[in-house]
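Asks: Contents of model_22.tsv (TSV, C-alpha atoms) are given next:
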```tsv
chain	number	residue	atom	x	y	z
A	1	MET	CA	5.44	0.49	-32.71
A	2	SER	CA	7.89	-2.19	-33.73
A	3	GLU	CA	6.93	-4.77	-36.33
A	4	LEU	CA	5.21	-7.80	-34.88
A	5	LEU	CA	6.67	-11.09	-36.08
A	6	GLY	CA	4.48	-13.64	-37.83
A	7	TRP	CA	3.76	-16.95	-36.14
A	8	LYS	CA	6.54	-18.74	-38.08
A	9	ASP	CA	9.22	-16.27	-37.00
A	10	MET	CA	8.12	-15.73	-33.44
A	11	PRO	CA	10.46	-17.36	-30.89
A	12	ILE	CA	8.94	-20.28	-29.02
A	13	GLY	CA	7.41	-19.08	-25.77
A	14	GLY	CA	7.27	-15.51	-27.04
A	15	ILE	CA	10.74	-14.81	-25.69
A	16	ILE	CA	11.87	-11.21	-26.04
A	17	PHE	CA	15.58	-11.11	-26.80
A	18	GLU	CA	16.07	-7.35	-26.72
A	19	SER	CA	16.31	-6.20	-23.11
A	20	GLY	CA	14.72	-2.91	-22.18
A	21	SER	CA	12.93	-2.62	-25.51
A	22	SER	CA	10.03	-0.74	-23.92
A	23	GLN	CA	12.22	2.34	-24.14
A	24	ARG	CA	11.15	2.56	-27.75
A	25	TYR	CA	7.54	2.89	-26.62
A	26	VAL	CA	6.73	6.48	-25.82
A	27	THR	CA	4.41	7.06	-22.86
A	28	GLY	CA	5.02	10.80	-22.67
A	29	GLY	CA	1.77	11.42	-24.54
A	30	TRP	CA	-0.23	10.29	-21.50
A	31	ARG	CA	0.80	13.42	-19.69
A	32	THR	CA	-1.39	16.40	-18.84
A	33	TYR	CA	1.02	18.16	-16.51
A	34	LYS	CA	4.77	18.03	-16.83
A	35	PRO	CA	7.40	18.37	-14.12
A	36	VAL	CA	9.73	21.33	-14.39
A	37	HIS	CA	12.95	21.40	-12.42
A	38	ALA	CA	14.24	24.52	-10.68
A	39	GLN	CA	17.98	23.91	-10.50
A	40	ASP	CA	18.62	26.72	-8.00
A	41	ARG	CA	16.24	25.31	-5.37
A	42	CYS	CA	17.24	21.64	-5.72
A	43	VAL	CA	19.34	19.99	-3.02
A	44	HIS	CA	19.85	16.84	-5.14
A	45	CYS	CA	18.58	14.47	-2.47
A	46	LEU	CA	17.47	12.15	-5.33
A	47	ARG	CA	14.21	11.23	-3.61
A	48	CYS	CA	12.36	12.00	-6.84
A	49	TRP	CA	14.76	9.80	-8.76
A	50	ILE	CA	14.33	6.77	-6.52
A	51	LEU	CA	10.53	7.15	-6.38
A	52	CYS	CA	9.93	7.82	-10.09
A	53	PRO	CA	7.92	4.86	-11.44
A	54	ASP	CA	8.95	5.54	-15.03
A	55	SER	CA	12.71	5.93	-14.59
A	56	ALA	CA	12.20	9.38	-16.06
A	57	VAL	CA	14.24	11.50	-13.65
A	58	LEU	CA	17.65	12.04	-15.22
A	59	VAL	CA	20.65	12.12	-12.91
A	60	GLU	CA	24.24	12.81	-13.86
A	61	ASN	CA	27.11	12.65	-11.35
A	62	GLY	CA	24.64	12.52	-8.50
A	63	ARG	CA	22.82	15.64	-9.61
A	64	LEU	CA	19.34	15.95	-11.02
A	65	VAL	CA	19.62	17.34	-14.54
A	66	GLY	CA	16.13	17.03	-15.95
A	67	PHE	CA	13.39	14.67	-17.06
A	68	ASP	CA	12.91	12.11	-19.77
A	69	TYR	CA	9.76	13.59	-21.29
A	70	ASP	CA	9.42	10.67	-23.69
A	71	HIS	CA	8.54	8.37	-20.81
A	72	CYS	CA	7.34	10.68	-18.01
A	73	LYS	CA	3.62	10.09	-17.55
A	74	GLY	CA	3.20	13.27	-15.53
A	75	CYS	CA	2.00	11.55	-12.38
A	76	GLY	CA	3.46	14.25	-10.14
A	77	ILE	CA	5.04	11.95	-7.55
A	78	CYS	CA	8.38	13.77	-7.97
A	79	ALA	CA	6.85	17.18	-7.28
A	80	ARG	CA	4.79	15.87	-4.36
A	81	GLU	CA	7.71	14.07	-2.73
A	82	CYS	CA	10.25	16.86	-3.21
A	83	PRO	CA	11.22	17.99	0.33
A	84	ALA	CA	9.09	20.82	1.64
A	85	LYS	CA	12.06	23.10	2.20
A	86	CYS	CA	12.99	23.28	-1.48
A	87	ARG	CA	9.99	22.32	-3.65
A	88	ALA	CA	12.31	22.26	-6.64
A	89	ILE	CA	9.88	20.52	-8.97
A	90	GLU	CA	6.69	22.12	-10.16
A	91	MET	CA	3.98	20.66	-12.34
A	92	GLU	CA	3.01	22.80	-15.33
A	93	LEU	CA	0.34	22.26	-17.92
A	94	ASP	CA	1.97	20.42	-20.82
A	95	ARG	CA	0.82	22.01	-24.05
B	1	MET	CA	24.92	-2.30	3.77
B	2	ALA	CA	24.63	1.45	3.56
B	3	ILE	CA	22.41	2.67	0.76
B	4	ASN	CA	23.93	5.51	-1.22
B	5	LEU	CA	21.56	6.99	-3.77
B	6	LYS	CA	24.30	8.97	-5.46
B	7	GLU	CA	26.36	5.86	-6.12
B	8	MET	CA	23.29	3.99	-7.25
B	9	SER	CA	22.28	6.66	-9.71
B	10	ALA	CA	25.58	6.19	-11.55
B	11	ARG	CA	24.72	2.58	-12.33
B	12	PRO	CA	22.56	1.66	-15.32
B	13	GLU	CA	18.81	1.51	-14.87
B	14	LEU	CA	17.62	-2.09	-14.89
B	15	LEU	CA	13.92	-1.34	-15.28
B	16	VAL	CA	13.54	1.21	-18.05
B	17	GLY	CA	10.64	3.52	-18.85
B	18	GLY	CA	8.03	2.91	-21.49
B	19	HIS	CA	6.18	0.26	-19.52
B	20	ARG	CA	2.43	0.64	-19.37
B	21	SER	CA	1.63	0.91	-15.66
B	22	CYS	CA	-0.82	3.66	-14.67
B	23	ALA	CA	0.66	7.11	-14.17
B	24	GLY	CA	1.34	7.43	-10.45
B	25	CYS	CA	1.56	3.70	-9.76
B	26	ALA	CA	4.25	3.20	-7.16
B	27	ALA	CA	4.92	-0.44	-7.97
B	28	PRO	CA	7.53	0.15	-10.72
B	29	ALA	CA	9.46	2.24	-8.20
B	30	ILE	CA	9.56	-0.81	-5.92
B	31	LEU	CA	10.95	-2.95	-8.75
B	32	ARG	CA	13.54	-0.30	-9.63
B	33	GLN	CA	14.65	-0.01	-6.02
B	34	ALA	CA	15.01	-3.77	-5.63
B	35	LEU	CA	16.96	-4.05	-8.88
B	36	HIS	CA	19.28	-1.18	-7.97
B	37	VAL	CA	20.27	-3.17	-4.90
B	38	ALA	CA	20.36	-6.58	-6.58
B	39	GLY	CA	22.34	-5.49	-9.63
B	40	PRO	CA	22.52	-7.04	-13.10
B	41	ASP	CA	23.32	-10.59	-11.94
B	42	THR	CA	19.73	-11.23	-11.02
B	43	VAL	CA	17.02	-13.54	-12.30
B	44	VAL	CA	13.51	-12.25	-11.81
B	45	GLY	CA	10.31	-14.24	-11.88
B	46	PHE	CA	7.01	-12.44	-11.87
B	47	ALA	CA	3.63	-13.82	-10.93
B	48	THR	CA	0.57	-12.59	-12.79
B	49	GLY	CA	-0.36	-9.11	-11.72
B	50	CYS	CA	-0.29	-5.49	-12.75
B	51	MET	CA	3.46	-5.25	-13.01
B	52	GLU	CA	3.89	-8.52	-14.84
B	53	VAL	CA	1.44	-7.43	-17.50
B	54	SER	CA	2.40	-3.80	-17.83
B	55	THR	CA	6.18	-4.24	-17.95
B	56	THR	CA	6.15	-6.98	-20.59
B	57	ILE	CA	3.58	-6.16	-23.24
B	58	TYR	CA	4.76	-8.08	-26.29
B	59	PRO	CA	7.03	-7.27	-28.14
B	60	TYR	CA	8.35	-4.91	-25.50
B	61	THR	CA	9.98	-5.55	-22.17
B	62	ALA	CA	11.04	-2.99	-19.60
B	63	TRP	CA	13.46	-5.39	-17.94
B	64	ARG	CA	17.20	-5.48	-18.39
B	65	VAL	CA	17.67	-8.62	-16.33
B	66	PRO	CA	16.58	-12.16	-17.25
B	67	TYR	CA	12.87	-12.29	-16.55
B	68	ILE	CA	10.44	-15.18	-16.44
B	69	HIS	CA	6.76	-14.58	-17.01
B	70	CYS	CA	4.92	-16.87	-14.58
B	71	ALA	CA	1.32	-17.74	-13.94
B	72	PHE	CA	-0.49	-16.63	-10.79
B	73	GLU	CA	0.13	-19.78	-8.82
B	74	ASN	CA	3.65	-20.87	-9.65
B	75	CYS	CA	6.06	-17.93	-9.47
B	76	ALA	CA	7.82	-19.03	-6.30
B	77	ALA	CA	8.01	-22.60	-7.64
B	78	THR	CA	9.51	-21.40	-10.95
B	79	VAL	CA	12.13	-19.25	-9.29
B	80	SER	CA	13.02	-22.02	-6.83
B	81	GLY	CA	13.53	-24.28	-9.88
B	82	VAL	CA	15.84	-21.71	-11.45
B	83	GLU	CA	17.81	-21.58	-8.23
B	84	ALA	CA	18.08	-25.38	-8.13
B	85	ALA	CA	19.27	-25.40	-11.76
B	86	TYR	CA	21.89	-22.78	-10.92
B	87	ARG	CA	23.23	-24.94	-8.11
B	88	VAL	CA	23.45	-27.98	-10.41
B	89	LEU	CA	25.20	-26.01	-13.15
B	90	GLN	CA	27.62	-24.62	-10.60
B	91	ARG	CA	28.39	-28.14	-9.34
B	92	LYS	CA	29.02	-29.28	-12.91
B	93	GLY	CA	31.34	-26.33	-13.51
B	94	ARG	CA	29.16	-24.68	-16.15
B	95	ILE	CA	28.76	-21.60	-13.94
B	96	PRO	CA	31.94	-20.45	-12.11
B	97	ALA	CA	31.87	-21.39	-8.42
B	98	ASP	CA	32.37	-17.79	-7.30
B	99	LYS	CA	29.60	-16.36	-9.48
B	100	LYS	CA	26.73	-15.24	-7.32
B	101	ILE	CA	23.35	-14.79	-8.92
B	102	ASN	CA	20.38	-13.34	-7.07
B	103	PHE	CA	16.96	-14.87	-7.47
B	104	ILE	CA	13.97	-12.66	-6.89
B	105	ALA	CA	10.33	-13.62	-7.24
B	106	PHE	CA	7.79	-10.81	-7.34
B	107	GLY	CA	4.10	-11.16	-6.83
B	108	GLY	CA	1.17	-8.96	-6.01
B	109	ASP	CA	-1.10	-9.64	-3.10
B	110	GLY	CA	-3.45	-11.75	-5.24
B	111	ALA	CA	-0.57	-13.99	-6.28
B	112	SER	CA	1.03	-14.13	-2.84
B	113	TYR	CA	-1.84	-14.06	-0.35
B	114	ASP	CA	-4.28	-16.14	-2.37
B	115	ILE	CA	-3.51	-18.00	-5.57
B	116	GLY	CA	0.24	-18.53	-5.28
B	117	PHE	CA	0.26	-19.11	-1.55
B	118	GLN	CA	1.01	-22.82	-1.86
B	119	SER	CA	4.01	-22.31	-4.14
B	120	LEU	CA	5.30	-19.51	-1.92
B	121	SER	CA	4.93	-21.72	1.13
B	122	GLY	CA	6.63	-24.62	-0.64
B	123	ALA	CA	9.57	-22.56	-1.85
B	124	MET	CA	10.10	-21.06	1.60
B	125	GLU	CA	9.93	-24.48	3.24
B	126	ARG	CA	12.41	-26.08	0.82
B	127	GLY	CA	14.96	-23.45	1.74
B	128	HIS	CA	15.96	-22.10	-1.67
B	129	ARG	CA	18.27	-19.10	-1.69
B	130	MET	CA	15.71	-16.70	-3.08
B	131	LEU	CA	13.92	-13.51	-2.17
B	132	TYR	CA	10.17	-13.23	-2.55
B	133	VAL	CA	8.84	-9.69	-2.70
B	134	CYS	CA	5.10	-9.25	-2.36
B	135	TYR	CA	3.86	-5.81	-3.37
B	136	ASP	CA	0.62	-5.56	-1.49
B	137	ASN	CA	-1.96	-3.20	-2.93
B	138	ASN	CA	-4.85	-4.74	-1.01
B	139	ALA	CA	-6.88	-6.14	-3.93
B	140	TYR	CA	-6.73	-7.61	-7.42
B	141	MET	CA	-5.98	-4.28	-9.04
B	142	ASN	CA	-4.94	-5.61	-12.43
B	143	THR	CA	-8.43	-6.83	-13.24
B	144	GLY	CA	-10.17	-3.81	-11.78
B	145	THR	CA	-10.22	-4.05	-7.98
B	146	GLN	CA	-11.69	-7.32	-6.79
B	147	ARG	CA	-11.32	-8.25	-3.14
B	148	SER	CA	-8.37	-10.41	-2.11
B	149	SER	CA	-7.48	-11.77	1.28
B	150	ALA	CA	-5.26	-8.70	1.67
B	151	THR	CA	-8.21	-6.33	1.42
B	152	PRO	CA	-8.86	-4.71	4.80
B	153	ARG	CA	-12.22	-5.16	6.48
B	154	GLY	CA	-14.75	-2.59	5.36
B	155	ALA	CA	-12.94	-1.64	2.14
B	156	MET	CA	-15.10	-1.24	-0.90
B	157	THR	CA	-14.09	-3.22	-3.99
B	158	ASN	CA	-16.02	-4.40	-7.05
B	159	THR	CA	-16.76	-7.73	-5.43
B	160	SER	CA	-17.32	-6.35	-1.93
B	161	PRO	CA	-19.36	-3.24	-2.65
B	162	ASN	CA	-21.00	-1.00	-0.13
B	163	GLY	CA	-24.76	-1.29	-0.16
B	164	SER	CA	-27.79	-1.17	2.06
B	165	ILE	CA	-27.10	-4.60	3.62
B	166	ILE	CA	-23.31	-4.93	3.80
B	167	SER	CA	-20.67	-2.22	4.01
B	168	GLY	CA	-17.59	-3.27	2.08
B	169	LYS	CA	-15.57	-6.38	2.75
B	170	GLN	CA	-16.93	-8.34	5.69
B	171	GLN	CA	-13.84	-10.34	6.61
B	172	SER	CA	-10.59	-9.19	8.17
B	173	ARG	CA	-7.37	-9.40	6.19
B	174	LYS	CA	-4.77	-12.11	6.29
B	175	ASP	CA	-1.41	-11.33	7.85
B	176	LEU	CA	0.86	-12.84	5.21
B	177	THR	CA	4.06	-11.60	6.84
B	178	ALA	CA	3.16	-13.63	9.92
B	179	CYS	CA	2.21	-16.63	7.76
B	180	VAL	CA	5.60	-16.63	6.05
B	181	LEU	CA	7.34	-16.02	9.35
B	182	ALA	CA	5.74	-19.23	10.61
B	183	HIS	CA	7.89	-21.11	8.07
B	184	ASN	CA	10.87	-20.29	10.31
B	185	ILE	CA	12.88	-18.81	7.47
B	186	PRO	CA	15.95	-16.65	8.16
B	187	TYR	CA	14.63	-13.27	7.08
B	188	VAL	CA	11.15	-11.76	6.90
B	189	ALA	CA	10.44	-8.05	6.65
B	190	GLN	CA	7.63	-5.62	6.09
B	191	ALA	CA	8.38	-2.43	4.14
B	192	SER	CA	6.58	0.51	2.60
B	193	VAL	CA	7.14	2.32	-0.66
B	194	SER	CA	7.24	5.59	1.28
B	195	ASN	CA	10.53	4.52	2.90
B	196	PRO	CA	12.74	3.52	-0.04
B	197	ILE	CA	16.02	3.52	1.89
B	198	ASP	CA	14.55	1.16	4.49
B	199	PHE	CA	13.21	-1.12	1.74
B	200	MET	CA	16.50	-1.19	-0.16
B	201	ARG	CA	18.41	-1.99	3.01
B	202	LYS	CA	16.02	-4.87	3.60
B	203	VAL	CA	16.51	-6.17	0.06
B	204	ALA	CA	20.28	-5.97	0.51
B	205	ARG	CA	20.07	-7.89	3.77
B	206	ALA	CA	17.70	-10.49	2.27
B	207	LEU	CA	20.03	-11.13	-0.67
B	208	GLU	CA	23.00	-11.60	1.66
B	209	ILE	CA	21.31	-14.51	3.40
B	210	ASP	CA	21.95	-18.04	2.22
B	211	GLY	CA	18.35	-19.14	2.35
B	212	PRO	CA	14.82	-18.00	1.66
B	213	SER	CA	13.72	-14.50	2.53
B	214	PHE	CA	10.50	-12.60	2.19
B	215	ILE	CA	9.58	-8.92	2.06
B	216	ASN	CA	6.01	-7.65	2.09
B	217	ILE	CA	5.82	-4.09	0.82
B	218	LEU	CA	2.78	-1.83	0.86
B	219	GLN	CA	2.01	-0.18	-2.46
B	220	PRO	CA	-1.02	2.10	-2.59
B	221	CYS	CA	-3.02	1.82	-5.81
B	222	HIS	CA	-4.63	5.14	-6.64
B	223	ARG	CA	-7.19	3.50	-8.96
B	224	GLY	CA	-8.33	0.96	-6.41
B	225	TRP	CA	-7.94	3.00	-3.25
B	226	GLY	CA	-9.43	6.11	-4.76
B	227	CYS	CA	-6.96	8.94	-4.43
B	228	LYS	CA	-4.92	11.23	-6.62
B	229	PRO	CA	-2.00	9.64	-8.54
B	230	GLU	CA	0.60	11.87	-6.90
B	231	ASP	CA	-0.64	10.87	-3.43
B	232	SER	CA	0.30	7.21	-3.66
B	233	ILE	CA	3.55	7.65	-1.73
B	234	GLU	CA	1.81	9.89	0.82
B	235	LEU	CA	-0.80	7.18	1.45
B	236	ALA	CA	1.93	4.65	2.13
B	237	ARG	CA	3.56	7.09	4.54
B	238	LEU	CA	0.29	7.61	6.41
B	239	ALA	CA	-0.23	3.85	6.63
B	240	VAL	CA	3.10	3.66	8.45
B	241	GLU	CA	2.39	6.68	10.65
B	242	THR	CA	-1.00	5.34	11.73
B	243	ARG	CA	0.78	2.04	12.56
B	244	TRP	CA	-1.68	0.24	10.32
B	245	TRP	CA	1.33	-1.01	8.36
B	246	PRO	CA	4.27	-1.22	10.77
B	247	LEU	CA	7.76	-1.49	9.33
B	248	TYR	CA	9.65	-4.33	10.94
B	249	GLU	CA	12.04	-7.13	10.17
B	250	VAL	CA	12.73	-10.50	11.73
B	251	ASP	CA	16.34	-11.48	11.12
B	252	HIS	CA	17.10	-14.99	12.38
B	253	GLY	CA	14.41	-14.72	15.04
B	254	ARG	CA	15.40	-11.25	16.17
B	255	TRP	CA	12.60	-8.73	15.80
B	256	LYS	CA	13.27	-5.12	15.00
B	257	VAL	CA	10.70	-2.37	14.53
B	258	ASN	CA	12.28	-0.04	11.96
B	259	ASN	CA	9.98	2.90	12.32
B	260	LYS	CA	8.38	4.00	15.55
B	261	PRO	CA	6.14	6.96	14.71
B	262	LYS	CA	6.51	9.66	17.36
B	263	THR	CA	3.00	11.04	17.06
B	264	VAL	CA	0.08	8.67	16.93
B	265	VAL	CA	-2.08	9.35	13.90
B	266	PRO	CA	-5.58	7.85	14.22
B	267	VAL	CA	-6.37	5.28	11.52
B	268	VAL	CA	-9.40	7.31	10.44
B	269	ASP	CA	-7.05	10.01	9.10
B	270	TRP	CA	-5.68	7.48	6.67
B	271	PHE	CA	-9.13	6.14	5.78
B	272	ARG	CA	-10.51	9.61	5.17
B	273	ILE	CA	-8.41	10.26	2.07
B	274	GLN	CA	-9.36	7.01	0.33
B	275	ALA	CA	-12.57	6.56	-1.63
B	276	ARG	CA	-12.71	2.85	-0.79
B	277	PHE	CA	-13.40	3.74	2.85
B	278	LYS	CA	-15.59	6.80	2.31
B	279	HIS	CA	-18.80	4.98	3.32
B	280	MET	CA	-17.19	4.06	6.63
B	281	VAL	CA	-15.99	7.57	7.33
B	282	ALA	CA	-19.40	9.00	6.39
B	283	GLY	CA	-21.33	6.69	8.70
B	284	ASP	CA	-19.77	3.68	10.29
B	285	ARG	CA	-22.86	1.56	10.91
B	286	ASP	CA	-20.99	-1.68	11.73
B	287	GLY	CA	-18.36	-0.12	13.99
B	288	ILE	CA	-15.57	-1.17	11.63
B	289	LEU	CA	-13.56	2.01	12.16
B	290	ALA	CA	-13.35	1.45	15.90
B	291	TRP	CA	-12.54	-2.20	15.26
B	292	HIS	CA	-9.65	-1.20	12.97
B	293	GLN	CA	-8.21	1.19	15.55
B	294	GLU	CA	-8.48	-1.50	18.23
B	295	GLN	CA	-6.72	-4.06	16.00
B	296	VAL	CA	-3.96	-1.62	15.10
B	297	ASP	CA	-3.31	-0.71	18.75
B	298	LYS	CA	-3.30	-4.36	19.77
B	299	ALA	CA	-0.96	-5.42	16.95
B	300	TRP	CA	1.41	-2.55	17.73
B	301	THR	CA	1.65	-3.45	21.43
B	302	GLU	CA	2.27	-7.09	20.50
B	303	LEU	CA	4.91	-6.08	18.00
B	304	LEU	CA	6.81	-4.03	20.58
B	305	GLU	CA	6.57	-6.91	23.03
B	306	LYS	CA	7.97	-9.34	20.46
B	307	GLU	CA	10.82	-6.94	19.72
B	308	GLU	CA	11.69	-6.64	23.39
B	309	LYS	CA	11.48	-10.37	24.09
B	310	SER	CA	13.66	-11.38	21.14
B	311	GLN	CA	16.60	-9.12	22.07
```
Step by step, read the file and then write its structure as structure tokens.
Replies:
Amino acid sequence: MSELLGWKDMPIGGIIFESGSSQRYVTGGWRTYKPVHAQDRCVHCLRCWILCPDSAVLVENGRLVGFDYDHCKGCGICARECPAKCRAIEMELDR
Amino acid sequence: MAINLKEMSARPELLVGGHRSCAGCAAPAILRQALHVAGPDTVVGFATGCMEVSTTIYPYTAWRVPYIHCAFENCAATVSGVEAAYRVLQRKGRIPADKKINFIAFGGDGASYDIGFQSLSGAMERGHRMLYVCYDNNAYMNTGTQRSSATPRGAMTNTSPNGSIISGKQQSRKDLTACVLAHNIPYVAQASVSNPIDFMRKVARALEIDGPSFINILQPCHRGWGCKPEDSIELARLAVETRWWPLYEVDHGRWKVNNKPKTVVPVVDWFRIQARFKHMVAGDRDGILAWHQEQVDKAWTELLEKEEKSQ
């Protein structure tokens, strides 16, 4: 949690100057199940990446490389939407 | 414009994680998809709603583009003002003449169908170069599922409960896409979160146009509709396959149906997996199910006719 400014220091209108600051807020603790990627079955169609609500599917050079577990809320959309022929993402209990 | 996910994934993410939407909410995916198409030179205005609240909880923001926090009723008006200011600044030479900035207003169905309808109508009529995206989740989900004019007939919400006298919402829903289309603006489209490529192509087309454009996109809400979080995309897909939510676009008066489902799925198959319709599926005492199917079939036939006539 970042320090909240006092009323004298707060910008007028509550403007937030730092873009994308929510990245410092960790939502990974909401998770019960976590997605696990099976590299050998993945066809890198990137459907999981484009449908992930939390921008938590990590892609490098057009290939899925893993998940951002700090922000993944474990909703399971990626595993559900992975094409039936590969099913490269499985949800596991996150201990 | 061809949508290439691989190319897109190389670009920086403009809506980052750490926002506080429910796990399994498909709405942030809609915002991400729109921003991936629009790019960093975009100004976003957001009407009150789930996404406005959850992406900008002070002192955090999930946005990496300039973002204006608007009230329920004035998002389209605010964004049209930003667009007018941009044109003035460009005329005065303060913004280079060749610098193109996209203006996108987002609103939920409460902000677009109900409370912000006048500002949306005004902005569309004045002809600002802006895109309005309505993410329609069929009720006021941010405050805990109250009925809106987007709620389908028979759906159970907190303010249209199912009881011994009435069964869910009594009125039929408003067709906002048709309302906006009646403004005779260059581009109007209906999309679904289950078809991201189709939606992104529509956003790209809308931003190309020198004038107002509008996209209405269906976004299932697992809290309000009563389903599992991971099923939200599946529900949107079924809505398209049952033809309850047809995907179409009207580009300068030319209609195009983007998805013609090959097999007809009865609407009841879509209703069955949602808790908000469970009373109807269990015993449809007012004949609402049959009414829905009739409406869907009628609207689909009309849609195909419009497509054929406008060619």
Asks: Considering only C-alpha atoms, return as a ChimeraX atom specification whatever protein or nucleic-acid residues lie within 9 Å of A:Glu60, sequence-local ones (same chain, fewer than 4 positions apart) excluded.
Replies: /A:64-65 /B:9-10
Asks: Pull out every residue of chain A that has at least one atom within 10 Å of chain B, counting only C-alpha atoms, and report them as a ChimeraX atom specification.
Replies: /A:1-5,13-28,30-31,44-47,49-56,58-64,68,70-81
Asks: Can you tell me, as a list in words, which residues sit within 8 Å of (0.7, 19.8, -15.8) in the file's frame, using only C-alpha atoms?
Replies: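 Selection result: Arg31, Thr32, Tyr33, Lys34, Pro35, Gly74, Met91, Glu92, Leu93 and Asp94 of chain A.
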Asks: Write out as a list in words which residues come within 12 Å of B:Thr301 when counting only C-alpha atoms, dropping same-chain ones fewer than 4 positions away.
Replies: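 Once the nearby chain positions are removed, what remains is Arg243, Pro246, Val257, Lys260, Glu294, Gln295, Val296, Asp297, Glu305, Lys306, Glu307 and Glu308 of chain B.
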Asks: One decimal, in Å: what's the spacing between atom CA of B:Glu73 and atom CA of B:Ala105?
Replies: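 Those two atoms sit 12.0 Å apart.
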Asks: Can you work out which one of B:Val79, B:Ser167, B:Leu207, B:Phe46 has the shortest atom-to-atom distance to B:Ala282, counting all atoms listed in the file?
Replies: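 Using all atoms listed in the file, B:Ala282 sits closest to B:Ser167.
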Asks: Would you mind reading off the distance between atom CA of B:Thr157 and atom CA of B:Gln190, one decimal, in Å?
Replies: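 Separating atom CA of B:Thr157 from atom CA of B:Gln190 is a distance of 24.1 Å.
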Asks: Which residues are close to B:Thr78, i.e. within 12 Å by only C-alpha atoms, leaving aside same-chain residues fewer than 5 positions away? Reply as a ChimeraX atom specification.
Replies: /B:43-47,67-73,83-85,103-106,116,119-120,122-123,128,130,132
Asks: Could you tell me how far atom CA of B:Phe214 sits from atom CA of B:Gly127, in Å to one decimal place?
Replies: 11.7 Å
Asks: I want to know what sits within 6 Å of B:Glu249, based on all atoms listed in the file, with residues of the same chain fewer than 5 positions away left out; could you give that as number ranges by chain?
Replies: B: 188-189, 255-256
Asks: For B:Tyr135, list every protein, DNA or RNA residue within 7 Å, evaluated using only C-alpha atoms, and leave out those in the same chain fewer than 2 positions away; present the list as an NGL selection string.
Replies: :B and (107-109 or 133 or 137 or 216-219)
Asks: Name the closest residue to A:Val57 among the candidates A:Lys85, A:Trp7, A:Cys42, A:His37; distances are taken between atoms, counting only C-alpha atoms.
Replies: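 The closest residue to A:Val57 is A:His37.
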Asks: Have stretch 7-11 of chain A completed to all heavy atoms, please, and pass it along as a PDB file, in the frame of the given file.
Replies:
```pdb
ATOM      1  N   TRP A   7       3.705 -15.790 -37.034  1.00  0.00           N
ATOM      2  CA  TRP A   7       3.760 -16.950 -36.140  1.00  0.00           C
ATOM      3  C   TRP A   7       4.921 -17.877 -36.457  1.00  0.00           C
ATOM      4  O   TRP A   7       5.420 -18.589 -35.596  1.00  0.00           O
ATOM      5  CB  TRP A   7       2.432 -17.703 -36.125  1.00  0.00           C
ATOM      6  CG  TRP A   7       2.055 -18.384 -37.414  1.00  0.00           C
ATOM      7  CD1 TRP A   7       1.378 -17.833 -38.447  1.00  0.00           C
ATOM      8  CD2 TRP A   7       2.349 -19.729 -37.780  1.00  0.00           C
ATOM      9  NE1 TRP A   7       1.208 -18.728 -39.449  1.00  0.00           N
ATOM     10  CE2 TRP A   7       1.804 -19.925 -39.077  1.00  0.00           C
ATOM     11  CE3 TRP A   7       2.998 -20.801 -37.186  1.00  0.00           C
ATOM     12  CZ2 TRP A   7       1.901 -21.131 -39.764  1.00  0.00           C
ATOM     13  CZ3 TRP A   7       3.089 -22.009 -37.864  1.00  0.00           C
ATOM     14  CH2 TRP A   7       2.557 -22.177 -39.141  1.00  0.00           C
ATOM     15  N   LYS A   8       5.409 -17.871 -37.728  1.00  0.00           N
ATOM     16  CA  LYS A   8       6.540 -18.740 -38.080  1.00  0.00           C
ATOM     17  C   LYS A   8       7.860 -18.196 -37.538  1.00  0.00           C
ATOM     18  O   LYS A   8       8.788 -18.945 -37.280  1.00  0.00           O
ATOM     19  CB  LYS A   8       6.633 -18.879 -39.597  1.00  0.00           C
ATOM     20  CG  LYS A   8       5.596 -19.823 -40.180  1.00  0.00           C
ATOM     21  CD  LYS A   8       5.799 -19.929 -41.687  1.00  0.00           C
ATOM     22  CE  LYS A   8       4.674 -20.705 -42.311  1.00  0.00           C
ATOM     23  NZ  LYS A   8       4.600 -20.468 -43.758  1.00  0.00           N
ATOM     24  N   ASP A   9       7.959 -16.888 -37.419  1.00  0.00           N
ATOM     25  CA  ASP A   9       9.220 -16.270 -37.000  1.00  0.00           C
ATOM     26  C   ASP A   9       9.293 -16.007 -35.505  1.00  0.00           C
ATOM     27  O   ASP A   9      10.348 -15.719 -34.958  1.00  0.00           O
ATOM     28  CB  ASP A   9       9.410 -14.932 -37.736  1.00  0.00           C
ATOM     29  CG  ASP A   9       9.302 -15.105 -39.235  1.00  0.00           C
ATOM     30  OD1 ASP A   9       9.914 -16.054 -39.750  1.00  0.00           O
ATOM     31  OD2 ASP A   9       8.583 -14.312 -39.874  1.00  0.00           O
ATOM     32  N   MET A  10       8.151 -16.079 -34.860  1.00  0.00           N
ATOM     33  CA  MET A  10       8.120 -15.730 -33.440  1.00  0.00           C
ATOM     34  C   MET A  10       8.864 -16.777 -32.613  1.00  0.00           C
ATOM     35  O   MET A  10       8.672 -17.976 -32.840  1.00  0.00           O
ATOM     36  CB  MET A  10       6.653 -15.655 -32.983  1.00  0.00           C
ATOM     37  CG  MET A  10       6.467 -14.934 -31.692  1.00  0.00           C
ATOM     38  SD  MET A  10       4.743 -14.956 -31.199  1.00  0.00           S
ATOM     39  CE  MET A  10       4.081 -13.672 -32.225  1.00  0.00           C
ATOM     40  N   PRO A  11       9.744 -16.367 -31.694  1.00  0.00           N
ATOM     41  CA  PRO A  11      10.460 -17.360 -30.890  1.00  0.00           C
ATOM     42  C   PRO A  11       9.471 -18.167 -30.042  1.00  0.00           C
ATOM     43  O   PRO A  11       8.454 -17.627 -29.607  1.00  0.00           O
ATOM     44  CB  PRO A  11      11.374 -16.534 -29.989  1.00  0.00           C
ATOM     45  CG  PRO A  11      11.343 -15.162 -30.499  1.00  0.00           C
ATOM     46  CD  PRO A  11      10.111 -15.001 -31.303  1.00  0.00           C
TER      47      PRO A  11
END
```
